[in-house]
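Student: I'd like to ask some things about the structure below.
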Amino acid sequence: MSNLLEIRGLKVNFNLENQVVTAVRGVDLDIREDEVLVLAGESGSGKSVTALSVTRLLPKTAEIVSGSVNFHWVDLAKLDEKALVSIRGKEIAYIFQEPTSYLNPVYTIGSQLSEAIMLHHDKTRLEAFKEAVELLDLVKIKEPKRVIDDYPHQLSGGMNQRVFIAMALACRPRLLIADEPTTSLDVTVEAQILQLLMELKKSLGFSLLFITHNLSIARRIADRVSVMYKGKVVEEGDVEKIFGSPEHNHTKELIRAYEKIGKI
Ligand SMILES: Nc1ncnc2c1ncn2[C@@H]1O[C@H](COP(=O)(O)OP(=O)(O)O)[C@@H](O)[C@H]1O
Ligand SMILES: [Mg+2]
């Protein structure tokens, strides 16, 4: 399988007032066409900074010091902001842990979804609304015609995450980056969202980079797993290898952590 995304030697610093913090120290990562890669690691290991570096969605204090991010033979690290805007959302989309931080509380689901659709497509508001209903249907929201008029606070956490997924998939991206999207959900809803993501991946055919500190998720959805520790990828392999013969101590620790809570 060929690579959709190739990160090489990525190094990211945070230039703080009186110190420089290196968050990512030379990360190599491949995401293949049509695969689920789980990027696992403890909190603070550099997973989110790596993910946000792909389309430079980093805070102002962050600096990509070196490295390349090849996507379709284009080095995104060398693209200017204007060129990146056409890739963000359209080719590479994100979902995060707290959908409500990204959904606007004062607009209905329908108007936010249709805005997202119109941003990248030449469509009238009416056409965009129609497509918004279809998107809600795609993410298996029942009664989409009712939910379209709801505000985010009227929906549960799981429903908002479905809306967020719908918005991310509006432009049919080649790569979906999901940064701990189920971490704040209870386990039943988490299972539903994971199942939805797998179904959507199958029907729409995107690659998925799924970030988590919870290796039980890797076991359920991953084709391959990369494990980060202190700003580096310390181990990678297919699910059988990672769980069957983990080599790095941190991988073993992550496996022990979830075996202990009986999630295996
Ligand atoms: N806004 C920030 N300012 C300063 N340092 C940061 C910031 N965000 C992240 N970092 C640093 O980068 C490291 C990696 O963070 P992050 O990628 O968010 O970890 P993870 O997603 O694996 O929990 C952190 O340990 C921290 O030192
Ligand atoms: Mg994170």
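Chains: A, B, ... in order of the structure tokens. Residues: from 1 per chain. Ligands: from 1, in order shown.
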Would you pick out the contacts of region 55-71 of chain A at 7 Å or less, using only C-alpha atoms, so that residues sharing its chain but fewer than 2 positions from it are not included, and give the list as a PyMOL selection string?
Tutor: chain A and resi 4-16+52-53+73-77+84+88
Student: Which of region 43-255 of chain A counts as strand (DSSP E or B) under DSSP, as JSON, numbers by chain please?
Tutor: {"A": [62, 63, 64, 65, 66, 67, 68, 69, 70, 71, 74, 75, 88, 92, 93, 94, 95, 175, 176, 177, 178, 179, 207, 208, 209, 210, 211, 212, 224, 225, 226, 227, 228, 229, 232, 233, 234, 235, 236, 237, 238]}
Student: Any residue with an atom at most 9 Å from ligand 2 counts, using only C-alpha atoms and all ligand atoms. Which are they? Put them as a ChimeraX atom specification.
Tutor: /A:42-49,51,97,179-180,211-213
Student: I need the residues in region 44-187 of chain A that are helix (DSSP H, G or I) according to DSSP; give them as a count of residues only.
Tutor: 66
Student: List the spatial neighbours of Leu196 (chain A) as a VMD selection string - criterion: any atom at most 9 Å away, only C-alpha atoms, same-chain residues fewer than 5 positions off excluded.
Tutor: chain A and resid 139 to 140 162 191 201
Student: Considering only C-alpha atoms, return as a ChimeraX atom specification whatever protein or nucleic-acid residues lie within 7 Å of Pro99 (chain A), sequence-local ones (same chain, fewer than 5 positions apart) excluded.
Tutor: /A:160-161,164
Student: Rank A:Gly244, A:Pro144, A:Gly231, A:Gly89 by their smallest atom-to-atom distance to ligand 1, using only C-alpha atoms and all ligand atoms, and report the top residue only.
Tutor: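 Once distances to ligand 1 are computed over only C-alpha atoms and all ligand atoms, the minimum belongs to A:Gly231.
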Student: Counting only C-alpha atoms, what is within 6 Å of region 130-137 of chain A, bar same-chain residues fewer than 6 positions away, as an mmCIF file with C-alpha atoms, in the first residue's frame?
Tutor:
data_model
loop_
_atom_site.group_PDB
_atom_site.id
_atom_site.type_symbol
_atom_site.label_atom_id
_atom_site.label_comp_id
_atom_site.auth_asym_id
_atom_site.auth_seq_id
_atom_site.Cartn_x
_atom_site.Cartn_y
_atom_site.Cartn_z
ATOM 1 C CA LEU A 113 -22.944 22.664 8.555
ATOM 2 C CA SER A 114 -24.122 24.603 5.528
ATOM 3 C CA PRO A 144 -31.873 14.944 10.748
ATOM 4 C CA ALA A 166 -20.305 15.286 9.627
#
Student: Please determine, counting only C-alpha atoms, which residue among A:Leu200, A:Val24, A:Ala40, A:Ile177 has the shortest atom-to-atom distance to Glu253 (chain A).
Tutor: A:Ala40
Student: Rounded to one decimal place, report the atom 16 (P, counted along the ligand's line) of ligand 1-CA of Phe206 (chain A) distance in Å.
Tutor: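 Spanning atom 16 (P, counted along the ligand's line) of ligand 1 to CA of Phe206 (chain A) is a straight-line distance of 24.5 Å.
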Student: If we count only C-alpha atoms and set the cut-off at 10 Å, which residues sit around Val239 (chain A), ignoring sequence neighbours fewer than 2 positions away in its own chain? Please answer as a PDB file with all heavy atoms, in the first residue's frame.
Tutor:
ATOM      1  N   LEU A  37      -4.353   4.299  11.213  1.00  0.00           N
ATOM      2  CA  LEU A  37      -3.128   4.330  12.017  1.00  0.00           C
ATOM      3  C   LEU A  37      -3.482   4.935  13.369  1.00  0.00           C
ATOM      4  O   LEU A  37      -3.995   6.049  13.436  1.00  0.00           O
ATOM      5  CB  LEU A  37      -2.048   5.171  11.341  1.00  0.00           C
ATOM      6  CG  LEU A  37      -0.758   5.303  12.159  1.00  0.00           C
ATOM      7  CD1 LEU A  37       0.015   3.988  12.213  1.00  0.00           C
ATOM      8  CD2 LEU A  37       0.141   6.404  11.606  1.00  0.00           C
ATOM      9  N   VAL A  38      -3.233   4.201  14.423  1.00  0.00           N
ATOM     10  CA  VAL A  38      -3.454   4.755  15.752  1.00  0.00           C
ATOM     11  C   VAL A  38      -2.124   5.269  16.286  1.00  0.00           C
ATOM     12  O   VAL A  38      -1.126   4.553  16.302  1.00  0.00           O
ATOM     13  CB  VAL A  38      -4.072   3.698  16.707  1.00  0.00           C
ATOM     14  CG1 VAL A  38      -3.988   4.175  18.156  1.00  0.00           C
ATOM     15  CG2 VAL A  38      -5.522   3.439  16.334  1.00  0.00           C
ATOM     16  N   ALA A 218      -6.843   1.048  20.051  1.00  0.00           N
ATOM     17  CA  ALA A 218      -5.963   0.557  18.982  1.00  0.00           C
ATOM     18  C   ALA A 218      -6.308  -0.881  18.646  1.00  0.00           C
ATOM     19  O   ALA A 218      -6.395  -1.273  17.482  1.00  0.00           O
ATOM     20  CB  ALA A 218      -4.513   0.676  19.412  1.00  0.00           C
ATOM     21  N   ARG A 219      -6.508  -1.658  19.681  1.00  0.00           N
ATOM     22  CA  ARG A 219      -6.823  -3.074  19.487  1.00  0.00           C
ATOM     23  C   ARG A 219      -8.105  -3.226  18.660  1.00  0.00           C
ATOM     24  O   ARG A 219      -8.244  -4.140  17.870  1.00  0.00           O
ATOM     25  CB  ARG A 219      -7.007  -3.708  20.861  1.00  0.00           C
ATOM     26  CG  ARG A 219      -7.258  -5.162  20.794  1.00  0.00           C
ATOM     27  CD  ARG A 219      -6.241  -5.875  21.622  1.00  0.00           C
ATOM     28  NE  ARG A 219      -5.708  -7.021  20.936  1.00  0.00           N
ATOM     29  CZ  ARG A 219      -4.952  -7.915  21.544  1.00  0.00           C
ATOM     30  NH1 ARG A 219      -4.636  -7.773  22.810  1.00  0.00           N
ATOM     31  NH2 ARG A 219      -4.486  -8.939  20.879  1.00  0.00           N
ATOM     32  N   ARG A 220      -9.055  -2.322  18.881  1.00  0.00           N
ATOM     33  CA  ARG A 220     -10.343  -2.447  18.200  1.00  0.00           C
ATOM     34  C   ARG A 220     -10.327  -1.948  16.764  1.00  0.00           C
ATOM     35  O   ARG A 220     -11.001  -2.504  15.912  1.00  0.00           O
ATOM     36  CB  ARG A 220     -11.423  -1.683  18.981  1.00  0.00           C
ATOM     37  CG  ARG A 220     -11.903  -2.460  20.208  1.00  0.00           C
ATOM     38  CD  ARG A 220     -13.054  -1.752  20.863  1.00  0.00           C
ATOM     39  NE  ARG A 220     -12.577  -0.817  21.873  1.00  0.00           N
ATOM     40  CZ  ARG A 220     -13.358   0.071  22.494  1.00  0.00           C
ATOM     41  NH1 ARG A 220     -14.624   0.152  22.203  1.00  0.00           N
ATOM     42  NH2 ARG A 220     -12.852   0.866  23.402  1.00  0.00           N
ATOM     43  N   ILE A 221      -9.585  -0.861  16.497  1.00  0.00           N
ATOM     44  CA  ILE A 221      -9.768  -0.241  15.172  1.00  0.00           C
ATOM     45  C   ILE A 221      -8.512  -0.186  14.297  1.00  0.00           C
ATOM     46  O   ILE A 221      -8.618   0.025  13.103  1.00  0.00           O
ATOM     47  CB  ILE A 221     -10.329   1.202  15.298  1.00  0.00           C
ATOM     48  CG1 ILE A 221      -9.310   2.131  15.968  1.00  0.00           C
ATOM     49  CG2 ILE A 221     -11.670   1.224  16.036  1.00  0.00           C
ATOM     50  CD1 ILE A 221      -9.688   3.608  15.847  1.00  0.00           C
ATOM     51  N   ALA A 222      -7.321  -0.378  14.887  1.00  0.00           N
ATOM     52  CA  ALA A 222      -6.097  -0.057  14.128  1.00  0.00           C
ATOM     53  C   ALA A 222      -5.704  -1.131  13.126  1.00  0.00           C
ATOM     54  O   ALA A 222      -5.907  -2.318  13.342  1.00  0.00           O
ATOM     55  CB  ALA A 222      -4.941   0.157  15.100  1.00  0.00           C
ATOM     56  N   ASP A 223      -5.143  -0.665  11.997  1.00  0.00           N
ATOM     57  CA  ASP A 223      -4.367  -1.556  11.142  1.00  0.00           C
ATOM     58  C   ASP A 223      -2.936  -1.576  11.674  1.00  0.00           C
ATOM     59  O   ASP A 223      -2.338  -2.612  11.830  1.00  0.00           O
ATOM     60  CB  ASP A 223      -4.365  -1.051   9.694  1.00  0.00           C
ATOM     61  CG  ASP A 223      -5.766  -1.099   9.088  1.00  0.00           C
ATOM     62  OD1 ASP A 223      -6.393  -2.161   9.178  1.00  0.00           O
ATOM     63  OD2 ASP A 223      -6.219  -0.068   8.555  1.00  0.00           O
ATOM     64  N   ARG A 224      -2.425  -0.369  11.935  1.00  0.00           N
ATOM     65  CA  ARG A 224      -1.076  -0.253  12.501  1.00  0.00           C
ATOM     66  C   ARG A 224      -1.113   0.724  13.665  1.00  0.00           C
ATOM     67  O   ARG A 224      -2.023   1.540  13.785  1.00  0.00           O
ATOM     68  CB  ARG A 224      -0.091   0.254  11.447  1.00  0.00           C
ATOM     69  CG  ARG A 224       0.179  -0.781  10.344  1.00  0.00           C
ATOM     70  CD  ARG A 224       1.289  -0.338   9.413  1.00  0.00           C
ATOM     71  NE  ARG A 224       1.070   1.011   8.941  1.00  0.00           N
ATOM     72  CZ  ARG A 224       1.942   2.012   9.097  1.00  0.00           C
ATOM     73  NH1 ARG A 224       3.098   1.818   9.696  1.00  0.00           N
ATOM     74  NH2 ARG A 224       1.652   3.219   8.645  1.00  0.00           N
ATOM     75  N   VAL A 225      -0.088   0.621  14.494  1.00  0.00           N
ATOM     76  CA  VAL A 225       0.005   1.481  15.673  1.00  0.00           C
ATOM     77  C   VAL A 225       1.405   2.096  15.720  1.00  0.00           C
ATOM     78  O   VAL A 225       2.398   1.420  15.460  1.00  0.00           O
ATOM     79  CB  VAL A 225      -0.198   0.651  16.971  1.00  0.00           C
ATOM     80  CG1 VAL A 225      -0.154   1.552  18.207  1.00  0.00           C
ATOM     81  CG2 VAL A 225      -1.515  -0.120  16.931  1.00  0.00           C
ATOM     82  N   SER A 226       1.465   3.417  16.010  1.00  0.00           N
ATOM     83  CA  SER A 226       2.742   4.058  16.319  1.00  0.00           C
ATOM     84  C   SER A 226       2.656   4.546  17.753  1.00  0.00           C
ATOM     85  O   SER A 226       1.653   5.140  18.146  1.00  0.00           O
ATOM     86  CB  SER A 226       2.994   5.258  15.394  1.00  0.00           C
ATOM     87  OG  SER A 226       3.301   4.807  14.099  1.00  0.00           O
ATOM     88  N   GLU A 236       6.661   1.075  16.269  1.00  0.00           N
ATOM     89  CA  GLU A 236       5.499   1.021  15.374  1.00  0.00           C
ATOM     90  C   GLU A 236       5.368  -0.377  14.789  1.00  0.00           C
ATOM     91  O   GLU A 236       6.336  -1.135  14.742  1.00  0.00           O
ATOM     92  CB  GLU A 236       5.628   2.059  14.257  1.00  0.00           C
ATOM     93  CG  GLU A 236       6.792   1.850  13.347  1.00  0.00           C
ATOM     94  CD  GLU A 236       6.902   2.961  12.303  1.00  0.00           C
ATOM     95  OE1 GLU A 236       6.050   3.846  12.262  1.00  0.00           O
ATOM     96  OE2 GLU A 236       7.856   2.911  11.531  1.00  0.00           O
ATOM     97  N   GLY A 237       4.163  -0.711  14.394  1.00  0.00           N
ATOM     98  CA  GLY A 237       3.958  -2.035  13.820  1.00  0.00           C
ATOM     99  C   GLY A 237       2.485  -2.313  13.664  1.00  0.00           C
ATOM    100  O   GLY A 237       1.643  -1.510  14.068  1.00  0.00           O
ATOM    101  N   LYS A 241       1.766  -7.289  16.049  1.00  0.00           N
ATOM    102  CA  LYS A 241       3.128  -7.118  16.569  1.00  0.00           C
ATOM    103  C   LYS A 241       3.128  -6.282  17.861  1.00  0.00           C
ATOM    104  O   LYS A 241       3.776  -6.630  18.845  1.00  0.00           O
ATOM    105  CB  LYS A 241       3.996  -6.437  15.502  1.00  0.00           C
ATOM    106  CG  LYS A 241       5.454  -6.359  15.877  1.00  0.00           C
ATOM    107  CD  LYS A 241       5.924  -4.923  15.902  1.00  0.00           C
ATOM    108  CE  LYS A 241       7.316  -4.824  16.494  1.00  0.00           C
ATOM    109  NZ  LYS A 241       7.637  -3.502  16.972  1.00  0.00           N
ATOM    110  N   ILE A 242       2.360  -5.188  17.841  1.00  0.00           N
ATOM    111  CA  ILE A 242       2.357  -4.292  19.001  1.00  0.00           C
ATOM    112  C   ILE A 242       1.819  -5.015  20.243  1.00  0.00           C
ATOM    113  O   ILE A 242       2.365  -4.892  21.331  1.00  0.00           O
ATOM    114  CB  ILE A 242       1.517  -3.016  18.701  1.00  0.00           C
ATOM    115  CG1 ILE A 242       2.204  -2.162  17.622  1.00  0.00           C
ATOM    116  CG2 ILE A 242       1.255  -2.196  19.966  1.00  0.00           C
ATOM    117  CD1 ILE A 242       3.484  -1.466  18.026  1.00  0.00           C
ATOM    118  N   PHE A 243       0.740  -5.771  20.058  1.00  0.00           N
ATOM    119  CA  PHE A 243       0.156  -6.445  21.215  1.00  0.00           C
ATOM    120  C   PHE A 243       0.789  -7.807  21.483  1.00  0.00           C
ATOM    121  O   PHE A 243       0.846  -8.263  22.619  1.00  0.00           O
ATOM    122  CB  PHE A 243      -1.364  -6.582  21.038  1.00  0.00           C
ATOM    123  CG  PHE A 243      -2.081  -5.279  21.174  1.00  0.00           C
ATOM    124  CD1 PHE A 243      -2.325  -4.486  20.064  1.00  0.00           C
ATOM    125  CD2 PHE A 243      -2.478  -4.812  22.420  1.00  0.00           C
ATOM    126  CE1 PHE A 243      -2.966  -3.262  20.186  1.00  0.00           C
ATOM    127  CE2 PHE A 243      -3.118  -3.591  22.556  1.00  0.00           C
ATOM    128  CZ  PHE A 243      -3.363  -2.806  21.433  1.00  0.00           C
ATOM    129  N   GLY A 244       1.288  -8.449  20.425  1.00  0.00           N
ATOM    130  CA  GLY A 244       1.848  -9.791  20.573  1.00  0.00           C
ATOM    131  C   GLY A 244       3.289  -9.763  21.063  1.00  0.00           C
ATOM    132  O   GLY A 244       3.666 -10.549  21.942  1.00  0.00           O
ATOM    133  N   SER A 245       4.084  -8.860  20.525  1.00  0.00           N
ATOM    134  CA  SER A 245       5.486  -8.808  20.967  1.00  0.00           C
ATOM    135  C   SER A 245       5.971  -7.366  21.037  1.00  0.00           C
ATOM    136  O   SER A 245       6.829  -6.944  20.258  1.00  0.00           O
ATOM    137  CB  SER A 245       6.374  -9.632  20.031  1.00  0.00           C
ATOM    138  OG  SER A 245       6.116  -9.279  18.686  1.00  0.00           O
ATOM    139  N   PRO A 246       5.386  -6.593  21.993  1.00  0.00           N
ATOM    140  CA  PRO A 246       5.835  -5.198  22.145  1.00  0.00           C
ATOM    141  C   PRO A 246       7.299  -5.165  22.576  1.00  0.00           C
ATOM    142  O   PRO A 246       7.734  -6.020  23.348  1.00  0.00           O
ATOM    143  CB  PRO A 246       4.922  -4.666  23.253  1.00  0.00           C
ATOM    144  CG  PRO A 246       4.481  -5.862  24.021  1.00  0.00           C
ATOM    145  CD  PRO A 246       4.412  -6.974  23.026  1.00  0.00           C
TER     146      PRO A 246
END
Student: For Glu91 (chain A), work out the shell of residues within 7 Å, counting only C-alpha atoms and skipping chain neighbours fewer than 5 positions away, then give it as an MDAnalysis selection string.
Tutor: chainID A and resid 173:175
Student: Now that the selection is made, can you save its residues with N, CA, C and O atoms as a short mmCIF file (atom, residue, chain, number, x, y, z; two decimals), in the first residue's frame?
Tutor:
data_model
loop_
_atom_site.label_atom_id
_atom_site.label_comp_id
_atom_site.auth_asym_id
_atom_site.auth_seq_id
_atom_site.Cartn_x
_atom_site.Cartn_y
_atom_site.Cartn_z
N PRO A 173 -12.66 14.43 2.80
CA PRO A 173 -11.19 14.49 2.88
C PRO A 173 -10.55 13.13 2.59
O PRO A 173 -11.19 12.09 2.76
N ARG A 174 -9.29 13.17 2.17
CA ARG A 174 -8.53 11.93 1.97
C ARG A 174 -8.02 11.40 3.30
O ARG A 174 -7.76 10.22 3.46
N LEU A 175 -7.80 12.35 4.23
CA LEU A 175 -7.26 11.97 5.54
C LEU A 175 -8.09 12.64 6.63
O LEU A 175 -8.31 13.84 6.61
#
Student: I'd like the interatomic distance between CA of Phe96 (chain A) and CA of Ser203 (chain A), to a tenth of an Å.
Tutor: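 These two atoms are separated by 21.6 Å.
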